[in-house]
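One file, work.cif, is given below (mmCIF, C-alpha atoms).
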```
data_query
#
loop_
_atom_site.label_atom_id
_atom_site.label_comp_id
_atom_site.auth_asym_id
_atom_site.auth_seq_id
_atom_site.Cartn_x
_atom_site.Cartn_y
_atom_site.Cartn_z
CA MET O 126 60.89 -42.94 -1.63
CA ASN O 127 57.21 -43.47 -2.32
CA GLY O 128 55.85 -43.37 1.23
CA VAL O 129 52.53 -42.82 2.99
CA HIS O 130 53.83 -39.53 4.36
CA ASP O 131 53.43 -38.20 0.80
CA LEU O 132 49.75 -37.49 1.34
CA GLY O 133 48.79 -34.90 -1.28
CA GLY O 134 45.68 -36.09 -3.12
CA THR O 135 45.13 -39.23 -1.01
CA ASP O 136 41.43 -40.10 -0.69
CA GLY O 137 39.54 -41.86 2.07
CA LEU O 138 41.02 -40.17 5.14
CA GLY O 139 37.74 -38.66 6.31
CA PRO O 140 37.00 -35.17 7.59
CA VAL O 141 39.53 -32.80 9.12
CA GLU O 142 39.02 -33.05 12.87
CA ILE O 143 38.99 -29.54 14.30
CA PRO O 144 38.47 -29.09 18.05
CA ASP O 145 37.06 -25.78 19.31
CA SER O 146 40.36 -25.21 21.08
CA GLU O 147 43.39 -27.19 22.17
CA PRO O 148 46.53 -26.47 24.17
CA VAL O 149 49.86 -26.02 22.38
CA PHE O 150 50.97 -29.30 23.99
CA ARG O 151 48.32 -31.87 24.89
CA ALA O 152 50.53 -33.93 27.22
CA ASP O 153 53.88 -33.60 29.00
CA TRP O 154 55.45 -36.17 26.68
CA GLU O 155 54.68 -33.91 23.71
CA LYS O 156 56.80 -31.17 25.32
CA ALA O 157 59.82 -33.44 25.68
CA ALA O 158 59.42 -34.92 22.18
CA PHE O 159 59.14 -31.41 20.72
CA ALA O 160 62.32 -30.31 22.52
CA MET O 161 64.23 -33.35 21.23
CA PHE O 162 64.15 -31.89 17.70
CA SER O 163 66.25 -28.81 18.44
CA MET O 164 68.40 -30.35 21.17
CA CYS O 165 69.27 -33.49 19.19
CA PHE O 166 69.90 -31.27 16.14
CA ARG O 167 72.47 -29.49 18.32
CA GLY O 168 73.72 -32.87 19.52
CA GLY O 169 74.58 -34.02 16.00
CA PHE O 170 71.75 -36.54 15.52
CA PHE O 171 70.44 -35.07 12.23
CA GLY O 172 69.91 -32.09 9.97
CA VAL O 173 66.32 -31.13 9.24
CA ASP O 174 66.19 -33.18 6.02
CA GLU O 175 67.52 -36.29 7.74
CA PHE O 176 65.05 -35.65 10.56
CA ARG O 177 62.19 -35.84 8.02
CA TYR O 178 63.61 -38.98 6.39
CA GLY O 179 63.74 -40.72 9.76
CA ILE O 180 60.01 -40.05 10.16
CA GLU O 181 59.31 -41.30 6.64
CA GLN O 182 60.82 -44.68 7.59
CA MET O 183 58.25 -45.35 10.30
CA HIS O 184 55.87 -48.23 9.74
CA PRO O 185 53.25 -46.72 7.41
CA ALA O 186 50.26 -47.82 9.50
CA VAL O 187 51.85 -46.39 12.65
CA TYR O 188 52.69 -43.17 10.79
CA LEU O 189 49.04 -42.65 9.93
CA LEU O 190 47.62 -43.66 13.32
CA SER O 191 50.06 -42.18 15.83
CA PRO O 192 49.90 -38.71 17.39
CA TYR O 193 52.13 -36.26 15.58
CA TYR O 194 54.96 -35.77 18.05
CA GLU O 195 55.43 -39.52 18.31
CA HIS O 196 56.90 -39.22 14.79
CA TRP O 197 59.65 -37.11 16.33
CA LEU O 198 60.40 -39.80 18.90
CA HIS O 199 60.86 -42.32 16.09
CA THR O 200 63.36 -40.19 14.15
CA VAL O 201 65.45 -39.44 17.27
CA GLU O 202 65.68 -43.17 18.02
CA HIS O 203 66.36 -43.92 14.33
CA TYR O 204 69.40 -41.62 14.11
CA GLY O 205 70.56 -42.48 17.62
CA LYS O 206 70.91 -46.06 16.40
CA ALA O 207 72.06 -45.32 12.84
CA LYS O 208 74.83 -42.93 13.91
CA GLY O 209 75.90 -44.86 16.99
CA LEU O 210 74.94 -42.02 19.34
CA LEU O 211 72.89 -44.58 21.24
CA SER O 212 74.95 -47.73 21.82
CA ALA O 213 73.56 -51.26 22.12
CA ASP O 214 73.79 -50.84 25.89
CA ASP O 215 71.88 -47.54 25.67
CA LEU O 216 69.15 -49.21 23.63
CA ALA O 217 68.81 -52.05 26.12
CA GLU O 218 68.65 -49.46 28.89
CA LEU O 219 66.03 -47.54 26.88
CA ASP O 220 63.79 -50.62 26.83
CA ARG O 221 64.39 -51.24 30.53
CA ARG O 222 63.58 -47.67 31.49
CA THR O 223 60.52 -47.62 29.23
CA GLN O 224 59.12 -50.49 31.30
CA TYR O 225 60.13 -48.70 34.50
CA TYR O 226 58.37 -45.45 33.56
CA LEU O 227 55.36 -47.42 32.34
CA GLU O 228 55.05 -48.90 35.83
CA ASN O 229 56.13 -45.66 37.57
CA PRO O 230 54.86 -42.83 35.35
CA ASP O 231 55.50 -40.19 38.01
CA ALA O 232 59.07 -41.28 38.77
CA PRO O 233 61.45 -38.33 38.39
CA LEU O 234 63.92 -37.75 35.56
CA PRO O 235 67.63 -37.45 36.29
CA GLN O 236 68.60 -33.84 36.97
CA ARG O 237 71.56 -32.07 35.45
CA ASP O 238 72.34 -28.37 34.99
CA ASP O 239 73.67 -27.01 31.72
CA PRO O 240 73.42 -23.24 31.26
CA ASP O 241 74.79 -23.63 27.70
CA LEU O 242 71.59 -25.45 26.70
CA ILE O 243 69.43 -22.57 27.91
CA THR O 244 71.69 -20.18 26.01
CA PHE O 245 71.23 -22.36 22.92
CA VAL O 246 67.43 -22.31 23.24
CA GLU O 247 67.37 -18.53 23.69
CA ALA O 248 69.60 -18.12 20.62
CA VAL O 249 68.16 -20.67 18.18
CA VAL O 250 64.52 -19.59 18.42
CA PRO O 251 65.09 -16.03 17.11
CA ALA O 252 68.04 -16.94 14.84
CA GLY O 253 66.76 -20.16 13.31
CA ALA O 254 68.85 -22.47 11.16
CA PRO O 255 68.73 -21.01 7.64
CA ALA O 256 68.84 -23.49 4.74
CA GLY O 257 70.07 -20.96 2.15
CA ARG O 258 73.56 -21.77 0.87
CA GLU O 259 75.89 -19.86 -1.46
CA SER O 260 76.51 -21.42 -4.86
CA ASP O 261 78.19 -20.41 -8.11
CA LYS O 262 75.58 -22.28 -10.13
CA ALA O 263 73.67 -20.09 -12.56
CA PRO O 264 69.91 -20.68 -12.46
CA GLN O 265 68.69 -22.69 -15.46
CA PHE O 266 65.11 -21.44 -15.13
CA LYS O 267 63.35 -18.12 -14.57
CA ALA O 268 59.86 -16.88 -13.81
CA GLY O 269 57.56 -17.49 -16.76
CA ASP O 270 59.26 -20.72 -17.89
CA THR O 271 57.07 -23.77 -18.45
CA VAL O 272 58.56 -26.84 -16.77
CA THR O 273 57.74 -30.50 -16.23
CA VAL O 274 58.53 -32.36 -13.00
CA ARG O 275 60.60 -35.53 -13.42
CA ALA O 276 58.34 -38.56 -13.10
CA ASP O 277 60.72 -41.31 -11.98
CA SER O 278 60.52 -42.67 -8.41
CA PRO O 279 63.45 -41.34 -6.33
CA ILE O 280 65.35 -43.60 -3.93
CA GLY O 281 65.57 -42.35 -0.36
CA HIS O 282 64.49 -38.93 0.87
CA THR O 283 62.98 -36.44 -1.58
CA ARG O 284 60.55 -33.53 -1.54
CA ARG O 285 59.36 -34.39 -5.07
CA ALA O 286 55.82 -35.38 -4.06
CA ARG O 287 53.99 -37.94 -6.20
CA TYR O 288 51.09 -35.67 -7.10
CA ILE O 289 53.34 -33.25 -9.00
CA ARG O 290 55.53 -35.84 -10.76
CA GLY O 291 55.15 -35.71 -14.52
CA ARG O 292 53.01 -32.58 -14.24
CA THR O 293 53.69 -29.36 -16.12
CA GLY O 294 53.47 -25.90 -14.62
CA GLU O 295 54.84 -22.38 -14.72
CA VAL O 296 57.80 -21.07 -12.71
CA VAL O 297 56.51 -18.05 -10.77
CA LEU O 298 59.24 -17.37 -8.19
CA ALA O 299 62.99 -18.00 -8.06
CA HIS O 300 64.35 -18.11 -4.49
CA GLY O 301 68.10 -18.68 -4.89
CA THR O 302 70.15 -21.67 -3.74
CA PHE O 303 69.36 -23.88 -0.74
CA ILE O 304 70.43 -27.20 0.80
CA TYR O 305 69.26 -30.01 -1.51
CA PRO O 306 67.14 -32.46 0.54
CA ASP O 307 67.75 -35.34 -1.90
CA SER O 308 71.44 -35.09 -0.90
CA ALA O 309 71.38 -33.87 2.72
CA GLY O 310 68.40 -36.02 3.71
CA ASN O 311 70.22 -39.12 2.50
CA GLY O 312 73.42 -38.47 4.43
CA GLY O 313 75.14 -36.48 1.67
CA GLY O 314 76.39 -32.90 1.77
CA ASP O 315 74.41 -29.69 1.39
CA ALA O 316 74.87 -29.79 -2.43
CA PRO O 317 72.98 -26.49 -2.90
CA GLU O 318 70.50 -26.18 -5.77
CA HIS O 319 68.22 -23.40 -7.01
CA VAL O 320 64.70 -23.45 -5.60
CA TYR O 321 61.69 -22.29 -7.61
CA THR O 322 57.98 -22.04 -6.95
CA VAL O 323 56.00 -23.71 -9.72
CA LYS O 324 52.29 -23.05 -10.29
CA PHE O 325 50.11 -25.97 -11.41
CA THR O 326 46.48 -25.67 -12.46
CA ASN O 327 44.00 -27.95 -10.69
CA ALA O 328 43.12 -29.50 -14.06
CA GLU O 329 46.78 -30.33 -14.75
CA LEU O 330 47.14 -32.05 -11.36
CA TRP O 331 43.83 -33.88 -11.06
CA GLY O 332 42.36 -34.00 -14.56
CA PRO O 333 39.57 -31.83 -15.92
CA ASP O 334 36.77 -34.06 -14.64
CA THR O 335 38.05 -34.25 -11.04
CA ALA O 336 39.58 -30.80 -10.58
CA GLU O 337 37.76 -28.07 -8.69
CA PRO O 338 37.16 -24.92 -10.76
CA ASN O 339 39.29 -21.77 -10.68
CA GLY O 340 42.21 -22.94 -8.60
CA VAL O 341 45.95 -23.55 -8.63
CA VAL O 342 48.54 -25.24 -6.42
CA TYR O 343 52.00 -23.77 -5.83
CA PHE O 344 54.80 -26.23 -5.09
CA ASP O 345 58.50 -25.53 -4.46
CA VAL O 346 61.00 -27.56 -6.47
CA TRP O 347 64.79 -27.82 -6.54
CA GLU O 348 66.31 -27.46 -9.98
CA PRO O 349 67.10 -31.18 -10.53
CA TYR O 350 63.38 -31.92 -10.10
CA ILE O 351 62.37 -30.14 -13.31
CA THR O 352 63.04 -30.08 -17.03
CA PRO O 353 61.92 -27.63 -19.69
CA ALA O 354 58.40 -28.60 -20.83
CA GLU O 355 58.41 -30.33 -24.21
CA THR O 356 55.28 -28.59 -25.39
CA THR O 357 54.94 -25.00 -24.31
CA GLY O 358 51.54 -24.07 -23.01
CA ALA O 359 50.73 -27.60 -21.86
CA ALA O 360 49.78 -26.27 -18.44
CA ALA O 361 47.21 -23.84 -19.78
CA MET Y 935 60.25 -51.13 12.10
CA SER Y 936 57.51 -51.85 14.58
CA ASP Y 937 53.87 -52.04 13.52
CA HIS Y 938 52.66 -51.57 17.10
CA VAL Y 939 50.48 -48.52 17.61
CA ARG Y 940 51.30 -47.33 21.11
CA THR Y 941 48.87 -46.05 23.71
CA GLN Y 942 49.37 -42.58 25.22
CA GLU Y 943 50.80 -44.27 28.34
CA GLU Y 944 53.28 -46.29 26.27
CA ILE Y 945 54.40 -43.23 24.32
CA ALA Y 946 54.80 -41.20 27.51
CA ALA Y 947 56.98 -43.94 29.06
CA ARG Y 948 59.12 -44.31 25.94
CA VAL Y 949 59.67 -40.54 25.65
CA LYS Y 950 60.53 -40.25 29.33
CA ALA Y 951 62.98 -43.16 29.08
CA LEU Y 952 64.68 -41.62 26.04
CA GLU Y 953 64.74 -38.19 27.68
CA SER Y 954 66.41 -39.66 30.77
CA ILE Y 955 69.19 -41.13 28.63
CA LEU Y 956 69.60 -37.92 26.61
CA ILE Y 957 69.86 -35.96 29.87
CA GLU Y 958 72.64 -38.23 31.07
CA LYS Y 959 74.44 -37.90 27.73
CA GLY Y 960 74.46 -34.10 28.03
CA ILE Y 961 72.05 -33.56 25.12
CA MET Y 962 69.00 -32.33 27.05
CA THR Y 963 68.08 -30.87 30.42
CA THR Y 964 64.61 -30.53 31.90
CA ALA Y 965 65.28 -26.82 32.37
CA ALA Y 966 65.99 -26.38 28.64
CA VAL Y 967 62.80 -28.30 27.76
CA ASP Y 968 60.82 -26.08 30.13
CA ARG Y 969 62.26 -22.90 28.60
CA LEU Y 970 61.62 -24.02 25.01
CA VAL Y 971 58.06 -25.00 25.89
CA GLU Y 972 57.48 -21.69 27.66
CA ILE Y 973 58.56 -19.82 24.52
CA TYR Y 974 56.05 -21.60 22.28
CA GLU Y 975 53.27 -21.62 24.88
CA ASN Y 976 53.52 -17.96 25.83
CA GLU Y 977 55.81 -15.90 23.64
CA VAL Y 978 55.77 -17.07 20.01
CA GLY Y 979 52.27 -17.51 18.59
CA PRO Y 980 49.70 -16.09 16.18
CA GLN Y 981 49.53 -12.83 18.13
CA LEU Y 982 52.84 -11.97 16.42
CA GLY Y 983 51.55 -12.59 12.90
CA ALA Y 984 48.44 -10.59 13.83
CA LYS Y 985 50.57 -7.53 14.64
CA VAL Y 986 52.24 -7.77 11.23
CA VAL Y 987 48.91 -8.12 9.41
CA ALA Y 988 47.40 -5.18 11.28
CA ARG Y 989 50.35 -3.00 10.29
CA ALA Y 990 49.96 -4.09 6.66
CA TRP Y 991 46.25 -3.19 6.72
CA LYS Y 992 47.05 0.24 8.18
CA ASP Y 993 50.24 1.16 6.33
CA PRO Y 994 50.34 0.59 2.53
CA GLN Y 995 54.11 1.14 2.38
CA PHE Y 996 54.69 -1.53 5.03
CA LYS Y 997 52.36 -3.86 3.11
CA GLN Y 998 54.50 -3.38 0.00
CA ARG Y 999 57.62 -4.25 1.96
CA LEU Y 1000 55.90 -7.29 3.49
CA LEU Y 1001 54.81 -8.66 0.13
CA ALA Y 1002 58.22 -7.94 -1.42
CA ASP Y 1003 60.24 -9.64 1.38
CA ALA Y 1004 58.32 -10.93 4.40
CA THR Y 1005 61.46 -12.07 6.24
CA GLU Y 1006 62.95 -8.56 6.14
CA ALA Y 1007 59.64 -6.80 6.88
CA CYS Y 1008 59.02 -8.97 9.96
CA LYS Y 1009 62.44 -7.98 11.31
CA GLU Y 1010 60.97 -4.49 11.79
CA PHE Y 1011 59.00 -6.11 14.65
CA GLY Y 1012 61.90 -8.27 15.82
CA ILE Y 1013 59.96 -11.27 14.48
CA GLY Y 1014 61.75 -14.16 12.77
CA GLY Y 1015 63.79 -17.29 13.41
CA LEU Y 1016 63.25 -21.03 13.67
CA GLN Y 1017 61.02 -22.41 10.88
CA GLY Y 1018 60.58 -18.93 9.42
CA GLU Y 1019 64.11 -18.23 8.21
CA ASP Y 1020 62.70 -17.46 4.73
CA MET Y 1021 59.09 -16.30 4.72
CA VAL Y 1022 56.74 -15.36 1.88
CA VAL Y 1023 53.42 -13.61 2.52
CA VAL Y 1024 50.66 -14.16 -0.04
CA GLU Y 1025 47.84 -11.64 -0.29
CA ASP Y 1026 44.11 -12.31 -0.37
CA THR Y 1027 42.07 -9.94 -2.54
CA ALA Y 1028 38.48 -9.75 -3.77
CA ASP Y 1029 39.45 -12.21 -6.51
CA VAL Y 1030 42.03 -14.45 -4.81
CA HIS Y 1031 41.94 -16.67 -1.71
CA ASN Y 1032 45.16 -18.29 -0.45
CA VAL Y 1033 45.62 -21.29 1.84
CA ILE Y 1034 48.77 -23.01 3.11
CA VAL Y 1035 49.63 -26.67 3.72
CA CYS Y 1036 52.59 -29.03 3.94
CA THR Y 1037 51.54 -32.30 2.27
CA LEU Y 1038 54.88 -34.04 3.00
CA CYS Y 1039 55.25 -33.23 6.70
CA SER Y 1040 54.10 -30.25 8.75
CA CYS Y 1041 56.05 -27.15 7.68
CA TYR Y 1042 54.49 -24.03 9.18
CA PRO Y 1043 55.74 -20.48 9.85
CA TRP Y 1044 56.51 -20.76 13.57
CA PRO Y 1045 57.79 -17.18 14.16
CA VAL Y 1046 54.45 -15.63 13.17
CA LEU Y 1047 51.91 -18.40 13.93
CA GLY Y 1048 53.58 -20.46 16.67
CA LEU Y 1049 53.34 -24.24 16.51
CA PRO Y 1050 50.70 -25.68 14.17
CA PRO Y 1051 47.32 -26.96 15.37
CA ASN Y 1052 47.03 -30.74 15.26
CA TRP Y 1053 44.56 -30.77 12.36
CA TYR Y 1054 47.19 -29.02 10.20
CA LYS Y 1055 49.59 -31.94 10.81
CA ASP Y 1056 47.00 -34.72 10.54
CA PRO Y 1057 46.70 -36.77 7.33
CA ALA Y 1058 43.19 -35.64 6.33
CA TYR Y 1059 44.02 -31.94 5.90
CA ARG Y 1060 47.35 -32.61 4.17
CA ALA Y 1061 45.76 -35.09 1.77
CA ARG Y 1062 42.66 -33.17 0.84
CA ILE Y 1063 43.45 -29.44 0.81
CA VAL Y 1064 45.48 -29.67 -2.42
CA LYS Y 1065 42.85 -31.72 -4.27
CA GLU Y 1066 39.54 -30.34 -3.00
CA PRO Y 1067 40.29 -27.09 -1.17
CA ARG Y 1068 36.85 -25.55 -1.75
CA LYS Y 1069 35.15 -28.63 -0.36
CA VAL Y 1070 37.43 -28.81 2.69
CA LEU Y 1071 37.01 -25.09 3.40
CA ARG Y 1072 33.22 -25.33 3.04
CA GLU Y 1073 32.48 -28.68 4.73
CA ASP Y 1074 35.21 -28.85 7.38
CA PHE Y 1075 35.86 -25.19 8.16
CA GLY Y 1076 32.45 -23.67 7.27
CA TYR Y 1077 34.13 -21.19 4.96
CA ASP Y 1078 32.50 -20.84 1.56
CA VAL Y 1079 34.74 -19.41 -1.18
CA PRO Y 1080 32.66 -18.46 -4.25
CA ASP Y 1081 33.70 -20.04 -7.57
CA SER Y 1082 34.43 -16.53 -8.88
CA VAL Y 1083 37.32 -16.28 -6.37
CA GLU Y 1084 40.48 -18.16 -7.37
CA VAL Y 1085 41.76 -20.58 -4.71
CA ARG Y 1086 45.56 -20.70 -4.48
CA VAL Y 1087 47.03 -23.52 -2.36
CA TRP Y 1088 50.67 -23.15 -1.28
CA ASP Y 1089 52.32 -26.50 -0.50
CA SER Y 1090 55.34 -25.73 1.69
CA SER Y 1091 57.67 -28.32 0.17
CA SER Y 1092 60.90 -26.31 0.57
CA GLU Y 1093 62.24 -24.23 3.47
CA MET Y 1094 60.23 -21.21 2.26
CA ARG Y 1095 57.46 -20.59 4.77
CA TYR Y 1096 54.24 -19.20 3.28
CA TRP Y 1097 51.47 -17.45 5.19
CA VAL Y 1098 48.43 -15.43 4.27
CA LEU Y 1099 47.68 -11.72 4.47
CA PRO Y 1100 43.88 -11.89 4.78
CA THR Y 1101 41.56 -9.17 3.56
CA ALA Y 1102 40.56 -6.64 6.21
CA PRO Y 1103 36.97 -6.99 7.43
CA GLU Y 1104 34.44 -4.32 6.49
CA GLY Y 1105 34.05 -1.31 8.77
CA THR Y 1106 37.50 -1.25 10.32
CA GLY Y 1107 38.71 2.06 8.83
CA GLY Y 1108 38.74 3.93 12.13
CA LEU Y 1109 40.35 1.22 14.26
CA SER Y 1110 43.82 1.43 15.76
CA GLU Y 1111 46.53 -1.05 14.83
CA GLU Y 1112 46.05 -2.78 18.18
CA GLU Y 1113 42.29 -3.09 17.64
CA LEU Y 1114 42.89 -4.43 14.13
CA ALA Y 1115 45.37 -7.02 15.41
CA SER Y 1116 42.69 -8.43 17.72
CA LEU Y 1117 40.62 -9.29 14.61
CA VAL Y 1118 43.39 -11.28 12.92
CA THR Y 1119 42.82 -14.96 13.63
CA ARG Y 1120 45.34 -17.78 13.28
CA ASP Y 1121 42.99 -19.45 10.80
CA SER Y 1122 42.87 -16.34 8.60
CA MET Y 1123 46.67 -16.45 8.28
CA ILE Y 1124 46.55 -20.16 7.35
CA GLY Y 1125 43.72 -19.42 4.94
CA VAL Y 1126 40.99 -21.62 6.44
CA GLY Y 1127 38.86 -18.78 7.82
CA PRO Y 1128 38.27 -15.05 7.51
CA ALA Y 1129 39.51 -12.36 9.85
CA ALA Y 1130 36.96 -11.60 12.58
CA SER Y 1131 34.49 -8.75 12.15
CA PRO Y 1132 34.61 -5.85 14.62
CA GLY Y 1133 32.09 -6.38 17.40
CA ALA Y 1134 31.59 -10.05 16.48
CA SER Y 1135 33.79 -11.43 19.26
#
```
In structure tokens, write the structure found in this file.
Amino acid sequence: MNGVHDLGGTDGLGPVEIPDSEPVFRADWEKAAFAMFSMCFRGGFFGVDEFRYGIEQMHPAVYLLSPYYEHWLHTVEHYGKAKGLLSADDLAELDRRTQYYLENPDAPLPQRDDPDLITFVEAVVPAGAPAGRESDKAPQFKAGDTVTVRADSPIGHTRRARYIRGRTGEVVLAHGTFIYPDSAGNGGGDAPEHVYTVKFTNAELWGPDTAEPNGVVYFDVWEPYITPAETTGAAA
Amino acid sequence: MSDHVRTQEEIAARVKALESILIEKGIMTTAAVDRLVEIYENEVGPQLGAKVVARAWKDPQFKQRLLADATEACKEFGIGGLQGEDMVVVEDTADVHNVIVCTLCSCYPWPVLGLPPNWYKDPAYRARIVKEPRKVLREDFGYDVPDSVEVRVWDSSSEMRYWVLPTAPEGTGGLSEEELASLVTRDSMIGVGPAASPGAS
């Protein structure tokens, strides 16, 4: 999809706002929203690519104006509804309790013990959830190849950002095969594809009059994103 | 799809309401939230990346291993895991300056840097650092990279997690690894600032 989350090269957003210091979590709700990512992942709400796609379907104005972890709240609700993990009754109860906690912000949460969840937290942080997947597919590209990114507008979730579409660059790293977001993020299977890092010159991305001097951007692509460049050396 | 921009109070109430339902459904507990938060507030943060950088400054063979396979090299410290399952370290030199971003969301190497600062996730940084990195570094971060130094921006679009091995400050030859680690800032591993100079802090 062509969404506002795809921010690379967008103008008019003003300066980067950098406080002298800030806590890891600025409010208690940020802690709970942060924890929903890993615990709802465990609970079958989404994989990481679906998680991102849920965020991308927020209202674009709200996406740009809301604090970051609120994005995570949206995607949990999105998949709760879409996958039936939150029933119509649950959603009505969610609205009712939202009003209750708005009026009683210090009211307690229900308490339940589950040692397995603590065990999960202790295990998932150091182990992670690797996205590498075995595949018999032979890589079609190698370091040094000149490639062009497909320019059409994909439907649904993709990592093929607009600012690299149609641009030509050089493959510099080949990483092996990983979950393909354009499949997994749209409810499909892992469908592993080779991942490469492609180097683009600033002039190729932004045009010679706009580009800053002496710089490059590296962007990771899955194999279906790229084709051999028609004219070799176009990126130079 | 609602176009309502919520207040902090409205967000807090919505999150608490959802959390209460997820607790009852067996998906969350407050104890598990507390433990996860404790890990990222106190245990996993840029102090871990700093230890790795200090070792690389001190030990050329370790540096080679780090640049060849950062995921494996970090395991020597017991460092790795969530959002750093596949890491790549990129090296600053006299001629090259590296900086990381995720223009599409907020990908960041948690095992070595902890959770990202808010500016890293905000639209302005994600939009501008790929198009005008020198200007952003100079005007927003006060970090002037001369035109003779190549600026390399790494947009973390896949599950590879990039981070920067900054150049060691001048005059650190005699320092211990622990002293060196204290000079390695989070910003220097993102690529928006230099490592601190000895005696400057």
>> I need the chain Y residues near chain O as a PyMOL selection string; criterion: at most 7 Å, counting all atoms listed in the file.
In response: chain Y and resi 935-939+943-944+946-949+951-952+954+957+961-963+966-967+970-971+975+1014-1017+1019+1037-1039+1053+1055+1057-1062+1064-1066+1074+1081+1084-1093
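Of the residues listed (Y:Leu1049, Y:Leu1109, Y:Val1030, Y:Ala1102), Y:Leu1049 shows the shortest atom-to-atom separation from Ile973 in chain Y; distances use only C-alpha atoms.
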> So how far away is CA of Glu1006 in chain Y from CA of Phe176 in chain O, in Å?
Replying inline: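 Separating CA of Phe176 in chain O from CA of Glu1006 in chain Y is a distance of 27.5 Å.
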>> Please expand the PyMOL selection byres ((chain Y and resi 1001) around 12) into the concrete residues it hits in this file, giving the result as a PyMOL selection string.
In response: chain Y and resi 986-987+990+994-1000+1002-1008+1021-1026+1096-1099
> Expanded to explicit residues, what is the PyMOL selection byres ((chain Y and resi 1110) around 12) for this file, as a VMD selection string?
Replying inline: chain Y and resid 985 988 to 989 991 to 993 1106 to 1109 1111 to 1117 1132
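Considering all atoms listed in the file, the residue among O:Thr352, O:His282, O:Gly332, O:Ala309 positioned nearest to Glu295 in chain O is O:Thr352.
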>> Expand the PyMOL selection byres ((chain O and resi 266-268) around 7) into the explicit residue set it covers here, and present it as a VMD selection string.
In response: chain O and resid 264 to 265 269 to 270 296 to 299
> At what distance in Å, to one decimal, does CA of Leu956 in chain Y lie from CA of Ala213 in chain O?
Replying inline: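 Separation between CA of Ala213 in chain O and CA of Leu956 in chain Y: 14.6 Å.
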>> For a test of reading the model, state the distance in Å between CA of Glu329 in chain O and CA of Pro353 in chain O, rounded to one decimal.
In response: 16.2 Å
> Quick one: of O:His196, O:Asp261, O:Gly314, O:Gly172, who's nearest to Ser1040 in chain Y, counting all atoms listed in the file?
Replying inline: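 Ranking O:His196, O:Asp261, O:Gly314, O:Gly172 by distance to Ser1040 in chain Y, first place goes to O:His196.
Considering the residues Y:Asn1032, Y:Glu1073, Y:Asp1056, Y:Trp1044 and counting only C-alpha atoms, Pro1100 in chain Y has its shortest atom-to-atom contact with Y:Asn1032.
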Could you name the residues that touch Pro980 in chain Y at 8 Å or less, counting only C-alpha atoms, but leaving out those on the same chain fewer than 5 positions away, as a PDB file with C-alpha atoms, in the frame of the given file?
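Contents of the output file selection.pdb:
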```pdb
ATOM      1  CA  VAL Y1046      54.450 -15.630  13.170  1.00  0.00           C
ATOM      2  CA  LEU Y1047      51.910 -18.400  13.930  1.00  0.00           C
ATOM      3  CA  GLY Y1048      53.580 -20.460  16.670  1.00  0.00           C
ATOM      4  CA  THR Y1119      42.820 -14.960  13.630  1.00  0.00           C
ATOM      5  CA  ARG Y1120      45.340 -17.780  13.280  1.00  0.00           C
TER       6      ARG Y1120
END
```
